[in-house]
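Contents: one structure, followed by commentary.
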Amino acid sequence: MTSAMPQMVDDRIGDGVFRVDRSVYTDPAIFETEMAKIFEGNWVYLCHESQIAKPGDYFSTEIGREPVFVIRKKDGGIACFLNACSHRGAVLTPFKQGNANVLTCRFHGWAYASDGTCIKTKNEESGWPAETFDRSCFNLTPVACVESYRGFVYGSLNADIAPLDAFLGASRAWIDLLVEQSTEGLEVVPGSATYTIRGNWKLQAENSVDGYHVSTVHRVFAATISARESKAEYTGIKKTESGRITGSVPSAAYDLGNGHMAIWAQHTTPEVRPIWERKDDLERRLTPAQVKWILTRGRNLYLFPNMMLMDNPSTQIRVLKPIAADRAEVTVYCIAPKGESQKARIGRLRKFEDFYLTTGMATSDDVAALEDCHDGSHAALSRWNDFNRGMHAIIQGADEDAKALGFTPAACTHNWDHETLFHGFYRHWQALMNRDVPARPPRPGANGKGNGSRNGSAR
Amino acid sequence: MAGSFAAYVDDRPADKVFRVDRAIYLDDAVFAAEIANIFEATWQFVCHESQIPNHGDYFANHLGRQPIFVMRQQDGGIGGFVNACAHRGALLTPMKQGNAKTLTCRFHGWTYGSDGHCIRIKNEETGYDPARFRRTDYDLTRLPRVEAYRGFVFACLNPAAPALVEFLGEAARFLEFIAHQSADGMEVLPGSSTYVINGNWKLQSENAVDGYHVSTVHRVFGATVARREERPGYDGMMRTESGRIAGKVENGCYDLGGGHMVIWADRSPPDTSPLFEQKDRLERDYGAAKARWMLGRGRNLIVFPSLMINDFAATQIRTFRPIAADRTEVTIYCLAPRGESKSARYARLRKFEDFFLVSGMATADDVMALEDSQTGSRGRTARWGEFHRGLDSVVHGPDAAARDGKFNPVTSNNTWDQETLYHGFYRRWKALMTTEAIGAKEAAE
Ligand code: FES
Ligand code: FES
Ligand SMILES: [Fe+2]
Ligand SMILES: [Fe+2]
């Protein structure tokens with residue numbers, strides 16, 4: 001794909017200017033280019049290994065516009081295939097998750113093994129001349145690359161990309177902070193919640209590491225929680241830290257490179273965190289820096305382009321699925337250290353519900369704010385989104401904290417309400433949008449509705 | 001691109017042909033060009049001044065796709081702003097209407113004065129280099145143009161647009177017929193109703209001044225109202241004019257130029273109008289001819305492209321917002337003379353409900369007809385929409401009634417069910433669609 005991409009990012013740090021054209025949120029043609037060049041041209045997060053623990057366990061999702069599923073093979077390896085029957089393209093499994101050693105298509109009954117081999121074509125003998133028929137022509141189409149980083153499974157439709165390790169880069173140290181919380185590893189707790197935002201996916205990406213909105217958008221959450229915690233029965237691990245939400249604690253924001261971003265803020269009362277019970281174990285196994293980050297710093301990590309890993313009052317994987325320029329689907333999972341005490345697990349789940357669930361007290365406020373931004377972005381007369389906040393305070397490369405933990409960010413500032421981390425996100429975004437991706441099969445116009453922009457993005 | 005839309009209007013007066021390709025109701029590319037060349041380039045109605053009487057009163061609306069609001073200023077003027085925070089673009093007010101001396105963004109709490117100045121940035125001191133920072137860089141973006149004519153507030157994204165009165169042209173006279181109905185001015189009554197039509201906005205513009213459909217689409221309304229009025233208690237102003245609906249009165253239509261259109265019909269009888277109580281004052285202040293237009297004739301006006309002012313059984317402002325080629329959002333308000341008697345107000349409201357509300361007996365039928373037209377237009381093998389009715393009776397320039405009313409239409413026609421007024425609408429449409437738009441983006445530079 002070599003369509004010309006207009007410059008949407010006005011990156012003039014020397015003049016004190018970093019701004020982004022608001023049509024990046026609203027323009028359907030930009031969305032189609034993002035699908036082709038970002039989501040279908042690079043690594044995207046698929047699932048966590050604990051969701052496909054046993055042979056035959058599968059998890060279905062999308063890479064860009066293409067349905068795929070990840071499956072645990074007999075040999076313990078992980079495979080990922082297009083979720084489309086080789087025969088006439090029916091979705092092979094309509095389920096989000098399941099276990100099957102053989103996947104049988106519901107349309108004409110063709111069957112596939114967990115390694116993608118076509119093992120049965122119904123009425124094969126009466127359908128094709130035996131001497132020329134080669135059933136292996138009908139094996140499932142594998143996704144070009146599948147790799148796992150410490151349990152987090154990624155896939156790419158484009159083979160021409162850097163290894164996953166290099167792609168994750170500095171953000172690996174942040175992922176490790178979660179993985180190291182248990183020697184048995186992490187598990188995604190059963191259950192998930194999916195909701196749709198009437199807004200662009202990048203607004204959700206920004207929001208996940210936007211410390212600046214917390215004291216405004218979540219002030220009602222904070223007030224409610226502190227009122228609740230003044231009641232007698234809310235003690236210990238059940239507590240959420242309202243001091244952190246009002247922003248009166250140390251914090252920082254990191255541009256981790258490759259579009260990844262992160263923020264942290266100090267826990268005012270780290271002993272209320274479910275992980276506190278493992279303090280001794282952590283201190284024995286890990287470096288002092290890791291222990292400090294795990295126990296005392298609430299962290300939001302955004303992994304470009306479609307996953308967020310939160311370790312604040314509770315722990316969360318949030319997966320982002322762009323549907324259209326003005327629609328994004330979000331699915332949230334609670335991820336937890338295996339083997340934690342029942343008490344810790346209950347504290348974690350209740351706090352997960354408080355903040356992250358759509359039925360909770362915070363996420364719906366975030367969604368309202370995002371939708372406000374999406375609607376406001378249609379005002380082309382007011383063209384630019386401003387990301388100047390914190391520009392005077394940028395530290396290039398690793399600060400002392402980063403050195404101690406052992407990662408090298410592109411830049412940081414020591415205030416989570418600074419916006420300079422978004423510079424990394426949008427620079428990476430613009431670079432990918434300007435880059436050509438290898439040609440893939442042409443894609444016809446969407447659903448026959450004659451949406452010109454879709455037709456315009458044929459590759 | 002722009003040129004390719006010209007063929008959609010087949011305008012050949014010499015051959016007595018005027019037809020419109022039905023693709024104009026369907027095509028996404030046409031719709032996108034309409035947003036750029038019409039809704040984001042010409043004057044659009046925003047609200048009535050009575051909806052923002054006091055300092056800090058604001059009213060939010062859209063110009064094309066762009067969210068905007070107007071706000072009454074401290075000096076009594078009207079400011080117009082983009083409804084998007086200067087920071088990261090959140091809608092500054094998600095409300096349709098309100099009062100606020102300062103508006104605070106719900107996302108990160110930036111605050112703006114009623115004059116659009118940014119007056120507070122949350123944690124400003126820790127966010128920016130004081131040597132470089134100017135809060136005035138973050139004032140709200142002002143709309144290039146905001147003007148009011150006799151209480152009707154319009155805004156325009158095109159800085160080079162002509163003055164509002166010039167844009168209104170002959171339609172201004174019809175706004176005056178409304179505005180002069182009370183010595184104290186007009187007021188929009190509290191409450192509104194919003195509904196979405198699965199059809200193109202131009203079908204709504206056409207419908208607003210389509211006398212021809214009334215005796216068909218609204219025959220049930222006419223019959224119902226006539227029967228009801230046989231019963232005791234329905235007399236005087238409570239009556240609706242079923243004679244008019246049946247088409248038994250004098251009527252006509254005008255192409256006012258600039259795409260503006262109007263139809264009229266005699267009231268039968270005029271004392272059914274809530275305005276009748278002011279007959280003497282109107283005749284004294286404005287003379288018999290103008291009073292006849294204000295009181296004796298019901299009128300539907302389209303101010304191009306999408307403001308409808310209705311003064312028949314009741315008085316209405318109807319505006320519509322194009323959402324997609326096949327989707328239009330309509331909002332209606334009752335507009336009334338300040339200081340009218342309680343019985344007049346009561347009759348006005350009941351008749352407003354009867355006809356105009358979605359829960360009434362007429363609007364639902366109109367919506368059905370529009371949606372039928374939208375669906376039928378997809379039959380592309382039958383390509384053309386016909387606008388030939390009345391070609392033989394059309395009068396160029398004013399007829400007698402127009403001369404009486406002191407306005408100068410492009411054409412007049414002898415009944416309200418002629419279709420020659422649409423020629424003006426579609427000529428204006430074609431003219432705008434075949435010029436390069438002043439894109440709002442360029443205006444923003
Ligand atoms: S489409 Fe799957 S067997 Fe026919
Ligand atoms: S978007 Fe309005 S304050 Fe940030
Ligand atoms: Fe939030
Ligand atoms: Fe009608």
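Residue numbering restarts at 1 for every chain of the structure tokens, chains are lettered A, B, ... in their displayed order, and ligands are numbered from 1 as they appear.
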- [ ] Pull out every residue of chain A sitting within 8 Å of chain B, counting only C-alpha atoms, and send them as number ranges by chain.
- [x] A: 16, 22, 212-217, 369-392, 417-418, 450-452
Task: Given 8 Å and only C-alpha atoms and all ligand atoms, residues near ligand 4 as a list in words - done: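 So the residues close to ligand 4 are Asn207, Ala208, Asp210, Gly211, His213, Val214, Val217, His218, Ala362, Thr363, Asp365 and Asp366 of chain B.
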Would you mind exporting N, CA, C and O atoms of the selected residues as an mmCIF file, in the first residue's frame?
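Below is the file selection.cif, written as the result:
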```
data_model
loop_
_atom_site.group_PDB
_atom_site.id
_atom_site.type_symbol
_atom_site.label_atom_id
_atom_site.label_comp_id
_atom_site.auth_asym_id
_atom_site.auth_seq_id
_atom_site.Cartn_x
_atom_site.Cartn_y
_atom_site.Cartn_z
ATOM 1 N N ASN B 207 -40.630 18.726 1.239
ATOM 2 C CA ASN B 207 -41.899 18.469 1.909
ATOM 3 C C ASN B 207 -42.452 19.712 2.595
ATOM 4 O O ASN B 207 -43.653 19.937 2.663
ATOM 5 N N ALA B 208 -41.520 20.510 3.125
ATOM 6 C CA ALA B 208 -41.927 21.685 3.894
ATOM 7 C C ALA B 208 -42.765 22.651 3.069
ATOM 8 O O ALA B 208 -43.593 23.379 3.615
ATOM 9 N N ASP B 210 -44.455 21.713 0.096
ATOM 10 C CA ASP B 210 -45.133 20.883 -0.897
ATOM 11 C C ASP B 210 -46.633 20.893 -0.593
ATOM 12 O O ASP B 210 -47.111 20.122 0.229
ATOM 13 N N GLY B 211 -47.361 21.791 -1.269
ATOM 14 C CA GLY B 211 -48.802 21.842 -1.051
ATOM 15 C C GLY B 211 -49.512 20.650 -1.668
ATOM 16 O O GLY B 211 -50.600 20.262 -1.253
ATOM 17 N N HIS B 213 -49.023 17.486 -1.647
ATOM 18 C CA HIS B 213 -49.233 16.242 -0.904
ATOM 19 C C HIS B 213 -50.319 16.365 0.163
ATOM 20 O O HIS B 213 -50.799 15.368 0.682
ATOM 21 N N VAL B 214 -50.701 17.600 0.491
ATOM 22 C CA VAL B 214 -51.514 17.812 1.691
ATOM 23 C C VAL B 214 -52.838 17.042 1.631
ATOM 24 O O VAL B 214 -53.200 16.323 2.561
ATOM 25 N N VAL B 217 -51.657 12.990 1.734
ATOM 26 C CA VAL B 217 -50.979 12.496 2.937
ATOM 27 C C VAL B 217 -51.748 12.883 4.202
ATOM 28 O O VAL B 217 -51.787 12.132 5.175
ATOM 29 N N HIS B 218 -52.373 14.066 4.196
ATOM 30 C CA HIS B 218 -53.022 14.545 5.411
ATOM 31 C C HIS B 218 -54.538 14.480 5.343
ATOM 32 O O HIS B 218 -55.228 15.163 6.095
ATOM 33 N N ALA B 362 -50.115 14.385 11.924
ATOM 34 C CA ALA B 362 -49.689 14.723 10.562
ATOM 35 C C ALA B 362 -48.215 14.414 10.296
ATOM 36 O O ALA B 362 -47.877 13.869 9.256
ATOM 37 N N THR B 363 -47.359 14.768 11.238
ATOM 38 C CA THR B 363 -45.927 14.628 10.985
ATOM 39 C C THR B 363 -45.532 13.178 10.699
ATOM 40 O O THR B 363 -44.706 12.902 9.823
ATOM 41 N N ASP B 365 -47.227 10.990 9.212
ATOM 42 C CA ASP B 365 -47.563 10.689 7.813
ATOM 43 C C ASP B 365 -46.536 11.294 6.857
ATOM 44 O O ASP B 365 -46.168 10.682 5.849
ATOM 45 N N ASP B 366 -46.082 12.516 7.171
ATOM 46 C CA ASP B 366 -45.048 13.141 6.341
ATOM 47 C C ASP B 366 -43.770 12.308 6.335
ATOM 48 O O ASP B 366 -43.154 12.086 5.296
#
```
TODO: Please check which protein, DNA or RNA residues sit within 7 Å of ligand 1, counting only C-alpha atoms and all ligand atoms, and write them as a ChimeraX atom specification.
DONE: /A:85-90,92,105-110
Task: Near-ligand residues for ligand 3, threshold 12 Å, only C-alpha atoms and all ligand atoms, as a PyMOL selection string - done: (chain A and resi 203-222+245+300+310+312+355-358+360-370) or (chain B and resi 106-108)
Task: Residue neighbourhood B:Gly252, 6 Å, only C-alpha atoms, exclusion window fewer than 4 positions, as a count of residues only - done: 6
Open item on the list: Considering only C-alpha atoms, can you say which of B:Val70, B:Ile197, B:Ala336, B:Ala100 comes closest to B:Ala179?
Closed with: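 Looking at the shortest contact to B:Ala179, the residue is B:Ala336.
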TODO: Just list the residues in stretch 8-216 of chain A DSSP gives strand (DSSP E) on the backbone, as an NGL selection string.
DONE: :A and (9-12 or 17-21 or 44-48 or 57-63 or 66-72 or 78-82 or 97-99 or 102-104 or 111-113 or 118-120 or 145-149 or 152-156 or 186-188 or 193-197)
Write out, as an mmCIF file, in the first residue's frame, the residues just selected, with C-alpha atoms.
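The result, stored in again-v9.cif:
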```
data_model
loop_
_atom_site.group_PDB
_atom_site.id
_atom_site.type_symbol
_atom_site.label_atom_id
_atom_site.label_comp_id
_atom_site.auth_asym_id
_atom_site.auth_seq_id
_atom_site.Cartn_x
_atom_site.Cartn_y
_atom_site.Cartn_z
ATOM 1 C CA VAL A 9 1.240 15.433 13.197
ATOM 2 C CA ASP A 10 2.656 18.941 13.595
ATOM 3 C CA ASP A 11 5.867 18.035 15.425
ATOM 4 C CA ARG A 12 7.921 21.168 16.051
ATOM 5 C CA VAL A 17 4.623 22.920 19.354
ATOM 6 C CA PHE A 18 3.312 19.388 19.217
ATOM 7 C CA ARG A 19 -0.173 19.041 17.865
ATOM 8 C CA VAL A 20 -2.262 16.563 15.949
ATOM 9 C CA ASP A 21 -4.949 17.210 13.360
ATOM 10 C CA VAL A 44 -0.944 -6.834 17.598
ATOM 11 C CA TYR A 45 -1.799 -8.407 20.948
ATOM 12 C CA LEU A 46 -3.979 -11.502 20.677
ATOM 13 C CA CYS A 47 -4.454 -13.148 24.080
ATOM 14 C CA HIS A 48 -2.749 -14.320 27.254
ATOM 15 C CA ASP A 57 -7.736 -24.495 23.834
ATOM 16 C CA TYR A 58 -8.400 -21.725 21.369
ATOM 17 C CA PHE A 59 -9.102 -18.037 21.517
ATOM 18 C CA SER A 60 -10.572 -16.121 18.612
ATOM 19 C CA THR A 61 -10.009 -12.455 17.896
ATOM 20 C CA GLU A 62 -9.124 -10.152 15.000
ATOM 21 C CA ILE A 63 -5.988 -8.752 13.475
ATOM 22 C CA GLU A 66 -9.323 -10.211 9.661
ATOM 23 C CA PRO A 67 -10.767 -12.837 11.981
ATOM 24 C CA VAL A 68 -8.136 -15.155 13.463
ATOM 25 C CA PHE A 69 -7.850 -17.692 16.241
ATOM 26 C CA VAL A 70 -4.966 -18.750 18.422
ATOM 27 C CA ILE A 71 -4.798 -22.401 19.409
ATOM 28 C CA ARG A 72 -2.611 -24.478 21.750
ATOM 29 C CA ILE A 78 0.983 -21.887 19.896
ATOM 30 C CA ALA A 79 -0.454 -21.506 16.414
ATOM 31 C CA CYS A 80 -2.610 -18.822 14.893
ATOM 32 C CA PHE A 81 -4.815 -19.210 11.824
ATOM 33 C CA LEU A 82 -7.269 -17.163 9.870
ATOM 34 C CA GLN A 97 -12.966 -19.131 23.456
ATOM 35 C CA GLY A 98 -13.209 -22.911 23.643
ATOM 36 C CA ASN A 99 -11.464 -26.258 23.466
ATOM 37 C CA VAL A 102 -10.751 -30.935 15.893
ATOM 38 C CA LEU A 103 -12.540 -27.879 14.572
ATOM 39 C CA THR A 104 -15.427 -28.722 12.273
ATOM 40 C CA ALA A 111 -12.670 -30.620 9.769
ATOM 41 C CA TYR A 112 -9.264 -29.288 10.831
ATOM 42 C CA ALA A 113 -6.715 -30.407 13.426
ATOM 43 C CA CYS A 118 -7.470 -30.221 6.910
ATOM 44 C CA ILE A 119 -8.336 -33.745 8.054
ATOM 45 C CA LYS A 120 -11.753 -34.210 6.485
ATOM 46 C CA CYS A 145 4.060 -14.455 12.779
ATOM 47 C CA VAL A 146 3.045 -15.614 16.238
ATOM 48 C CA GLU A 147 5.202 -15.006 19.298
ATOM 49 C CA SER A 148 4.691 -14.838 23.017
ATOM 50 C CA TYR A 149 6.457 -12.552 25.436
ATOM 51 C CA PHE A 152 1.409 -12.317 26.219
ATOM 52 C CA VAL A 153 0.691 -13.672 22.750
ATOM 53 C CA TYR A 154 1.133 -11.458 19.697
ATOM 54 C CA GLY A 155 0.489 -12.059 16.019
ATOM 55 C CA SER A 156 1.184 -10.290 12.750
ATOM 56 C CA LEU A 186 -0.218 -14.879 35.839
ATOM 57 C CA GLU A 187 -3.724 -15.952 35.033
ATOM 58 C CA VAL A 188 -6.582 -14.191 33.335
ATOM 59 C CA ALA A 193 -16.708 -7.318 29.785
ATOM 60 C CA THR A 194 -17.018 -5.882 26.304
ATOM 61 C CA TYR A 195 -18.354 -2.470 25.470
ATOM 62 C CA THR A 196 -18.463 -0.188 22.468
ATOM 63 C CA ILE A 197 -17.291 3.403 22.434
#
```
Task: Minimum-distance residue to ligand 2, chosen among B:Asp139, B:Val46, B:Ile38, B:Ala6 (using only C-alpha atoms and all ligand atoms) - done: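 Of all the options, B:Asp139 lies closest to ligand 2.
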Open item on the list: List the spatial neighbours of stretch 304-321 of chain B as number ranges by chain - criterion: any atom at most 7 Å away, only C-alpha atoms, same-chain residues fewer than 4 positions off excluded.
Closed with: B: 45, 205, 208, 240, 259-260, 273, 298-300, 328-336, 348, 351-352
TODO: Find the distance between atom CA of A:Trp429 and atom CA of A:Leu178 and write it in Å to one decimal.
DONE: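 Computed distance, atom CA of A:Trp429 to atom CA of A:Leu178, equals 26.3 Å.
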Task: A:Ala173 environment, 12 Å, only C-alpha atoms, sequence neighbours closer than 6 positions dropped, as a PyMOL selection string - done: chain A and resi 149-150+165+179-180+256+262+289-290+293-294+301+402-409
Atoms to include: N, CA, C and O atoms. Write the selected residues as a PDB file, in the first residue's frame.
```
ATOM      1  N   TYR A 149       5.502 -13.096  24.496  1.00  0.00           N
ATOM      2  CA  TYR A 149       6.457 -12.552  25.436  1.00  0.00           C
ATOM      3  C   TYR A 149       5.933 -12.790  26.841  1.00  0.00           C
ATOM      4  O   TYR A 149       4.948 -12.180  27.251  1.00  0.00           O
ATOM      5  N   ARG A 150       6.536 -13.718  27.550  1.00  0.00           N
ATOM      6  CA  ARG A 150       6.210 -14.038  28.936  1.00  0.00           C
ATOM      7  C   ARG A 150       4.707 -14.206  29.139  1.00  0.00           C
ATOM      8  O   ARG A 150       4.120 -13.688  30.091  1.00  0.00           O
ATOM      9  N   ASP A 165      10.424  -9.232  20.663  1.00  0.00           N
ATOM     10  CA  ASP A 165      11.278  -8.636  21.702  1.00  0.00           C
ATOM     11  C   ASP A 165      11.698  -7.218  21.340  1.00  0.00           C
ATOM     12  O   ASP A 165      11.655  -6.305  22.161  1.00  0.00           O
ATOM     13  N   VAL A 179       4.573  -9.775  35.508  1.00  0.00           N
ATOM     14  CA  VAL A 179       4.856 -11.212  35.414  1.00  0.00           C
ATOM     15  C   VAL A 179       5.584 -11.703  36.674  1.00  0.00           C
ATOM     16  O   VAL A 179       5.306 -12.803  37.169  1.00  0.00           O
ATOM     17  N   GLU A 180       6.479 -10.881  37.206  1.00  0.00           N
ATOM     18  CA  GLU A 180       7.294 -11.302  38.344  1.00  0.00           C
ATOM     19  C   GLU A 180       6.523 -11.361  39.658  1.00  0.00           C
ATOM     20  O   GLU A 180       7.059 -11.732  40.688  1.00  0.00           O
ATOM     21  N   LEU A 256       7.871   5.167  25.808  1.00  0.00           N
ATOM     22  CA  LEU A 256       8.730   3.977  25.838  1.00  0.00           C
ATOM     23  C   LEU A 256       9.279   3.609  24.458  1.00  0.00           C
ATOM     24  O   LEU A 256       9.984   2.611  24.326  1.00  0.00           O
ATOM     25  N   ALA A 262       3.622   4.840  29.097  1.00  0.00           N
ATOM     26  CA  ALA A 262       3.277   4.407  30.443  1.00  0.00           C
ATOM     27  C   ALA A 262       3.252   5.589  31.400  1.00  0.00           C
ATOM     28  O   ALA A 262       3.945   6.591  31.198  1.00  0.00           O
ATOM     29  N   ALA A 289      14.739  -2.161  43.049  1.00  0.00           N
ATOM     30  CA  ALA A 289      13.972  -1.272  42.160  1.00  0.00           C
ATOM     31  C   ALA A 289      12.661  -1.932  41.747  1.00  0.00           C
ATOM     32  O   ALA A 289      11.594  -1.318  41.780  1.00  0.00           O
ATOM     33  N   GLN A 290      12.737  -3.206  41.344  1.00  0.00           N
ATOM     34  CA  GLN A 290      11.509  -3.905  40.941  1.00  0.00           C
ATOM     35  C   GLN A 290      10.490  -3.939  42.078  1.00  0.00           C
ATOM     36  O   GLN A 290       9.310  -3.707  41.870  1.00  0.00           O
ATOM     37  N   TRP A 293       8.861  -0.588  42.466  1.00  0.00           N
ATOM     38  CA  TRP A 293       7.878  -0.324  41.404  1.00  0.00           C
ATOM     39  C   TRP A 293       6.625  -1.174  41.582  1.00  0.00           C
ATOM     40  O   TRP A 293       5.517  -0.708  41.380  1.00  0.00           O
ATOM     41  N   ILE A 294       6.805  -2.431  41.936  1.00  0.00           N
ATOM     42  CA  ILE A 294       5.635  -3.316  42.045  1.00  0.00           C
ATOM     43  C   ILE A 294       4.747  -2.898  43.209  1.00  0.00           C
ATOM     44  O   ILE A 294       3.535  -2.785  43.076  1.00  0.00           O
ATOM     45  N   LEU A 301       0.149   0.878  31.569  1.00  0.00           N
ATOM     46  CA  LEU A 301       1.036   0.657  30.425  1.00  0.00           C
ATOM     47  C   LEU A 301       0.174   0.505  29.177  1.00  0.00           C
ATOM     48  O   LEU A 301      -0.779  -0.276  29.174  1.00  0.00           O
ATOM     49  N   ALA A 402      14.558   4.884  35.644  1.00  0.00           N
ATOM     50  CA  ALA A 402      14.587   3.939  34.528  1.00  0.00           C
ATOM     51  C   ALA A 402      15.899   3.152  34.541  1.00  0.00           C
ATOM     52  O   ALA A 402      15.912   1.936  34.298  1.00  0.00           O
ATOM     53  N   LYS A 403      16.977   3.859  34.853  1.00  0.00           N
ATOM     54  CA  LYS A 403      18.264   3.165  34.920  1.00  0.00           C
ATOM     55  C   LYS A 403      18.238   2.092  35.991  1.00  0.00           C
ATOM     56  O   LYS A 403      18.698   0.966  35.783  1.00  0.00           O
ATOM     57  N   ALA A 404      17.677   2.442  37.151  1.00  0.00           N
ATOM     58  CA  ALA A 404      17.643   1.483  38.255  1.00  0.00           C
ATOM     59  C   ALA A 404      16.809   0.255  37.894  1.00  0.00           C
ATOM     60  O   ALA A 404      17.154  -0.874  38.257  1.00  0.00           O
ATOM     61  N   LEU A 405      15.724   0.467  37.183  1.00  0.00           N
ATOM     62  CA  LEU A 405      14.884  -0.681  36.822  1.00  0.00           C
ATOM     63  C   LEU A 405      15.447  -1.400  35.599  1.00  0.00           C
ATOM     64  O   LEU A 405      15.170  -2.586  35.397  1.00  0.00           O
ATOM     65  N   GLY A 406      16.222  -0.679  34.799  1.00  0.00           N
ATOM     66  CA  GLY A 406      16.851  -1.321  33.657  1.00  0.00           C
ATOM     67  C   GLY A 406      16.065  -1.221  32.371  1.00  0.00           C
ATOM     68  O   GLY A 406      15.905  -2.205  31.656  1.00  0.00           O
ATOM     69  N   PHE A 407      15.531  -0.053  32.070  1.00  0.00           N
ATOM     70  CA  PHE A 407      14.936   0.127  30.752  1.00  0.00           C
ATOM     71  C   PHE A 407      15.315   1.503  30.227  1.00  0.00           C
ATOM     72  O   PHE A 407      15.675   2.393  30.999  1.00  0.00           O
ATOM     73  N   THR A 408      15.276   1.633  28.910  1.00  0.00           N
ATOM     74  CA  THR A 408      15.658   2.904  28.306  1.00  0.00           C
ATOM     75  C   THR A 408      14.492   3.467  27.502  1.00  0.00           C
ATOM     76  O   THR A 408      14.238   3.055  26.368  1.00  0.00           O
ATOM     77  N   PRO A 409      13.771   4.387  28.100  1.00  0.00           N
ATOM     78  CA  PRO A 409      12.655   5.008  27.379  1.00  0.00           C
ATOM     79  C   PRO A 409      13.183   6.004  26.360  1.00  0.00           C
ATOM     80  O   PRO A 409      14.349   6.396  26.411  1.00  0.00           O
TER      81      PRO A 409
END
```
- [ ] Among the residues of stretch 369-441 of chain B, find those DSSP assigns to alpha helix (DSSP H) from the backbone and print them as a PyMOL selection string.
- [x] chain B and resi 369-377+400-405+421-433+440-441
Task: Nearest residue to B:Thr272 from the set B:Arg297, B:Lys290, B:Arg389, B:Arg120 (distances using only C-alpha atoms) - done: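 The answer is B:Arg297, which sits nearest to B:Thr272.
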- [ ] Would you please work out which residue, of B:Phe69, B:Tyr112, B:Tyr58, B:Trp384, is nearest to ligand 2 when using only C-alpha atoms and all ligand atoms?
- [x] B:Tyr112
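If you count only C-alpha atoms and ignore residues fewer than 3 places along the chain from stretch 321-331 of chain A, what sits within 7 Å of it is A:Tyr25, A:Thr26, A:Asp27, A:Pro28, A:Phe31, A:Ser192, A:Ala193, A:Thr194, A:Tyr195, A:Thr196, A:Ile197, A:Arg198, A:Gly199, A:Asn200, A:Trp201, A:Asn306, A:Arg318.
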Only C-alpha atoms, please: the residues just picked out, written as an mmCIF file, in the first residue's frame.
```cif
data_model
loop_
_atom_site.group_PDB
_atom_site.id
_atom_site.type_symbol
_atom_site.label_atom_id
_atom_site.label_comp_id
_atom_site.auth_asym_id
_atom_site.auth_seq_id
_atom_site.Cartn_x
_atom_site.Cartn_y
_atom_site.Cartn_z
ATOM 1 C CA TYR A 25 -10.117 10.616 14.829
ATOM 2 C CA THR A 26 -12.916 11.232 12.356
ATOM 3 C CA ASP A 27 -11.718 10.576 8.818
ATOM 4 C CA PRO A 28 -12.842 7.163 7.487
ATOM 5 C CA PHE A 31 -9.095 4.670 9.507
ATOM 6 C CA SER A 192 -14.690 -10.399 30.674
ATOM 7 C CA ALA A 193 -16.708 -7.318 29.785
ATOM 8 C CA THR A 194 -17.018 -5.882 26.304
ATOM 9 C CA TYR A 195 -18.354 -2.470 25.470
ATOM 10 C CA THR A 196 -18.463 -0.188 22.468
ATOM 11 C CA ILE A 197 -17.291 3.403 22.434
ATOM 12 C CA ARG A 198 -18.770 5.849 19.938
ATOM 13 C CA GLY A 199 -15.325 7.216 19.342
ATOM 14 C CA ASN A 200 -11.990 6.594 17.720
ATOM 15 C CA TRP A 201 -9.629 3.922 19.071
ATOM 16 C CA ASN A 306 -4.211 -2.508 20.936
ATOM 17 C CA ARG A 318 -7.754 -4.032 28.289
#
```
